[in-house]
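What follows is one structure encoded as structure tokens, with my remarks underneath.
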There are 2 protein chains.
Amino acid sequence: MATAPTLDSAFQALADPSRRSMVTRLSRGPASVSELAAPLEMSLPAVVQHLDVLQKSGLVRSEKVGRVRTCRLEPAPLRAVEGWIAEHRADLESRLDRLGDVLDATFGRDG
Amino acid sequence: MATAPTLDSAFQALADPSRRSMVTRLSRGPASVSELAAPLEMSLPAVVQHLDVLQKSGLVRSEKVGRVRTCRLEPAPLRAVEGWIAEHRADLESRLDRLGDVLDATFGRDG
DNA sequence: CCGATACTTAAGTGAATACCTAAGTGTTTG
DNA sequence: CAAACACTTAGGTATTCACTTAAGTATCGG
């Protein structure tokens, strides 16, 4: 479970709707802090705190040029989170499928 | 964004390693509260609190028969979370792919 | 029917979150 | 060079979170 610390902070980061809205915006391309802040009805420092959470989780990277900080979404942590869920859903659903088969075999496929 | 409230609580629920360990256990089949608690080094009430979080998020459902409560994983919220991430990752990566194409076209495919 | 089992409820605590306002620090622009 | 701009830092508050212990409440097994 070496990937656990990343999953923790990534799931945590994605748990907040404001941060998900920032991720949605960034999935369409890089953006400045002000651009990320624009649709959110909160102070700029609050937005920056959300951005910190996203950066600490590795989901977002940013660099400052002049006075504007440009933020980008990172694919890797997104893939890690998607992978974790996909595995568990696959385990669950294959088991549910087999259960369906058993029920079919026991009671007949057209019940 | 009608699915947002579910995503909130589902991501939140999955942000904790104890709760993810419970989900992992349940992806292999139904389990009682004590079975979920066994590998976790915390009190039973703490485990039940985590279970409540999982249930309120819709990820887990449970029913009590006699004195034992049996918990199961629900596929739907797992699919919703996976879908949200898949969409955003797809947007991001297709954009990164196109960026790669542009760089290739500008500088040549073998640099 | 009595003790063990499997939770369940209640109440409390310390740390982490999600905001805020106010006052900075560098960068550009007129 | 002064004002506007894009953050950045500092500090404060109210709520939520992740636990804890202690004391219940229904089963079930002998």
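Simple scheme: letters A, B, ... for chains in structure tokens order, numbers from 1 for residues in each chain, numbers from 1 for ligands in the order shown.
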
Counting only C-alpha atoms (C1' of nucleotides), which residues of chain C sit at most 9 Å from some atom of chain B, and what is each one's closest atom pair with its distance in Å to one decimal, listed by chain and rising residue number, as a Markdown table?
```
| residue | atom | partner | partner_atom | distance |
| --- | --- | --- | --- | --- |
| C:DT5 | C1' | B:Arg67 | CA | 8.3 |
| C:DA6 | C1' | B:Arg67 | CA | 5.6 |
| C:DC7 | C1' | B:Arg67 | CA | 7.0 |
| C:DT8 | C1' | B:Pro45 | CA | 8.3 |
```

Please, could you write that set of residues out with N, CA and C atoms (P, O5', C5', C4', C3', O3' and C1' of nucleotides) as a short mmCIF file (atom, residue, chain, number, x, y, z; two decimals), in the first residue's frame?
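Full text of out05.cif as output:
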```cif
data_model
loop_
_atom_site.label_atom_id
_atom_site.label_comp_id
_atom_site.auth_asym_id
_atom_site.auth_seq_id
_atom_site.Cartn_x
_atom_site.Cartn_y
_atom_site.Cartn_z
P DT C 5 -17.83 -14.24 24.39
"O5'" DT C 5 -18.83 -13.57 23.34
"C5'" DT C 5 -19.84 -14.39 22.75
"C4'" DT C 5 -20.76 -13.56 21.88
"C3'" DT C 5 -20.08 -12.52 20.99
"O3'" DT C 5 -20.59 -12.72 19.68
"C1'" DT C 5 -21.87 -11.55 22.17
P DA C 6 -19.91 -12.11 18.41
"O5'" DA C 6 -20.85 -10.86 18.16
"C5'" DA C 6 -22.16 -11.04 17.61
"C4'" DA C 6 -22.80 -9.67 17.45
"C3'" DA C 6 -21.87 -8.61 16.85
"O3'" DA C 6 -22.60 -7.84 15.90
"C1'" DA C 6 -22.71 -7.85 18.87
P DC C 7 -21.80 -7.00 14.76
"O5'" DC C 7 -21.26 -5.73 15.57
"C5'" DC C 7 -21.91 -4.48 15.40
"C4'" DC C 7 -23.15 -4.41 16.28
"C3'" DC C 7 -23.76 -3.02 16.34
"O3'" DC C 7 -25.13 -3.05 15.99
"C1'" DC C 7 -23.48 -3.90 18.52
P DT C 8 -25.78 -1.70 15.36
"O5'" DT C 8 -26.05 -0.76 16.62
"C5'" DT C 8 -26.92 -1.18 17.65
"C4'" DT C 8 -27.04 -0.09 18.71
"C3'" DT C 8 -26.93 1.35 18.20
"O3'" DT C 8 -28.12 2.01 18.56
"C1'" DT C 8 -25.56 1.02 20.10
#
```

Each residue of chain D lying at most 9 Å from chain B should get a row with its shortest atom-to-atom pair and the distance in Å to one decimal, counting only C-alpha atoms (C1' of nucleotides); could you produce that, ordered by chain and increasing number, as CSV?
```
residue,atom,partner,partner_atom,distance
D:DA18,C1',B:Ala46,CA,7.7
D:DC19,C1',B:Ala46,CA,6.4
D:DT20,C1',B:Ser43,CA,8.1
D:DA26,C1',B:Arg67,CA,7.0
D:DT27,C1',B:Arg67,CA,5.3
D:DC28,C1',B:Arg67,CA,8.4
```

Create the file for the chosen residues now, containing N, CA and C atoms (P, O5', C5', C4', C3', O3' and C1' of nucleotides) and written as a PDB file, in the first residue's frame.
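Final output, saved to again-v7.pdb:
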```pdb
ATOM      1  P    DA D  18     -13.023  12.001   9.621  1.00  0.00           P
ATOM      2  O5'  DA D  18     -12.244  11.571  10.934  1.00  0.00           O
ATOM      3  C5'  DA D  18     -10.884  11.930  11.097  1.00  0.00           C
ATOM      4  C4'  DA D  18     -10.410  11.436  12.449  1.00  0.00           C
ATOM      5  C3'  DA D  18     -10.723   9.949  12.716  1.00  0.00           C
ATOM      6  O3'  DA D  18      -9.630   9.357  13.408  1.00  0.00           O
ATOM      7  C1'  DA D  18     -11.680  11.262  14.386  1.00  0.00           C
ATOM      8  P    DC D  19      -9.507   7.777  13.485  1.00  0.00           P
ATOM      9  O5'  DC D  19     -10.712   7.373  14.467  1.00  0.00           O
ATOM     10  C5'  DC D  19     -10.469   6.692  15.679  1.00  0.00           C
ATOM     11  C4'  DC D  19     -10.192   7.670  16.813  1.00  0.00           C
ATOM     12  C3'  DC D  19     -10.597   7.145  18.179  1.00  0.00           C
ATOM     13  O3'  DC D  19      -9.591   6.285  18.675  1.00  0.00           O
ATOM     14  C1'  DC D  19     -11.273   9.409  17.914  1.00  0.00           C
ATOM     15  P    DT D  20     -10.015   4.992  19.491  1.00  0.00           P
ATOM     16  O5'  DT D  20     -10.281   5.570  20.953  1.00  0.00           O
ATOM     17  C5'  DT D  20      -9.326   6.476  21.537  1.00  0.00           C
ATOM     18  C4'  DT D  20      -9.963   7.123  22.748  1.00  0.00           C
ATOM     19  C3'  DT D  20     -10.716   6.147  23.650  1.00  0.00           C
ATOM     20  O3'  DT D  20      -9.854   5.653  24.644  1.00  0.00           O
ATOM     21  C1'  DT D  20     -12.024   8.119  23.223  1.00  0.00           C
ATOM     22  P    DA D  26     -34.237  -2.552  23.766  1.00  0.00           P
ATOM     23  O5'  DA D  26     -34.368  -3.646  22.614  1.00  0.00           O
ATOM     24  C5'  DA D  26     -33.962  -4.953  22.896  1.00  0.00           C
ATOM     25  C4'  DA D  26     -33.051  -5.446  21.798  1.00  0.00           C
ATOM     26  C3'  DA D  26     -33.355  -6.876  21.425  1.00  0.00           C
ATOM     27  O3'  DA D  26     -33.229  -7.026  20.031  1.00  0.00           O
ATOM     28  C1'  DA D  26     -31.110  -6.668  22.203  1.00  0.00           C
ATOM     29  P    DT D  27     -33.862  -8.368  19.400  1.00  0.00           P
ATOM     30  O5'  DT D  27     -33.265  -9.556  20.262  1.00  0.00           O
ATOM     31  C5'  DT D  27     -33.059 -10.825  19.690  1.00  0.00           C
ATOM     32  C4'  DT D  27     -31.587 -11.026  19.317  1.00  0.00           C
ATOM     33  C3'  DT D  27     -31.288 -12.503  19.204  1.00  0.00           C
ATOM     34  O3'  DT D  27     -30.543 -12.748  18.033  1.00  0.00           O
ATOM     35  C1'  DT D  27     -29.898 -11.499  20.860  1.00  0.00           C
ATOM     36  P    DC D  28     -30.817 -14.173  17.341  1.00  0.00           P
ATOM     37  O5'  DC D  28     -29.832 -15.099  18.167  1.00  0.00           O
ATOM     38  C5'  DC D  28     -28.423 -14.858  18.128  1.00  0.00           C
ATOM     39  C4'  DC D  28     -27.717 -15.721  19.151  1.00  0.00           C
ATOM     40  C3'  DC D  28     -28.172 -17.174  19.174  1.00  0.00           C
ATOM     41  O3'  DC D  28     -27.062 -17.963  18.750  1.00  0.00           O
ATOM     42  C1'  DC D  28     -28.028 -16.245  21.386  1.00  0.00           C
TER      43       DC D  28
END
```

Open item on the list: I'd like the contact shell of Ala80 (chain B) - 12 Å cut-off, only C-alpha atoms (C1' of nucleotides), skipping same-chain residues fewer than 3 positions apart - returned as a PyMOL selection string.
Closed with: (chain A and resi 82+85-86+89) or (chain B and resi 2-11+57-59+74-77+83-87)

TODO: For Cys71 (chain A), please output as JSON, numbers by chain all residues within 6 Å (counting only C-alpha atoms (C1' of nucleotides); exclusion window: fewer than 4 positions along the same chain).
DONE: {"A": [30, 31, 32, 61, 62]}

Could you please take those selected residues and save C-alpha atoms as a PDB file, in the first residue's frame?
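Just written: out27.pdb:
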```
ATOM      1  CA  PRO A  30      -4.228  26.048 -17.444  1.00  0.00           C
ATOM      2  CA  ALA A  31      -5.581  28.991 -15.467  1.00  0.00           C
ATOM      3  CA  SER A  32      -4.378  31.776 -13.198  1.00  0.00           C
ATOM      4  CA  ARG A  61       1.039  22.089 -10.125  1.00  0.00           C
ATOM      5  CA  SER A  62       1.691  25.819 -10.549  1.00  0.00           C
TER       6      SER A  62
END
```

Task: Nearest to DA6 (chain D) by atom-to-atom distance, counting only C-alpha atoms (C1' of nucleotides), from A:Arg95, A:Ala37, A:Ser18, A:Arg79 - done: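 Closest to DA6 (chain D) of all the choices is A:Ala37.
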
Task: Those in chain A with helix (DSSP H, G or I) from DSSP, as an MDAnalysis selection string - done: chainID A and resid 4:14 17:27 33:37 44:56 75:107

Task: Atomic distance CA of Val81 (chain A) - CA of Asp97 (chain A), expressed in Å with one decimal - done: 24.0 Å

Task: Atomic distance CA of Leu40 (chain B) - CA of Ala90 (chain A), expressed in Å with one decimal - done: 24.1 Å

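One distance worth recording is that between C1' of DG14 (chain C) and C1' of DT13 (chain D), which is 16.4 Å.
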
TODO: Could you tell me which of A:Val60, A:Met22, A:Leu51, A:Leu92 comes closest to chain B if we count only C-alpha atoms?
DONE: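 The closest residue to chain B is A:Leu92.
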
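All residues within region 60-95 of chain B that the backbone DSSP calculation assigns to strand (DSSP E or B) are Val60, Arg61, Ser62, Glu63, Lys64, Val65, Val68, Arg69, Thr70, Cys71, Arg72 and Leu73 of chain B.
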
Open item on the list: With distances taken over only C-alpha atoms, which residue among B:Leu99, B:Val53, B:Leu26, B:Ala15 lies nearest chain A?
Closed with: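 Of the candidates, the smallest distance to chain A is held by B:Ala15.
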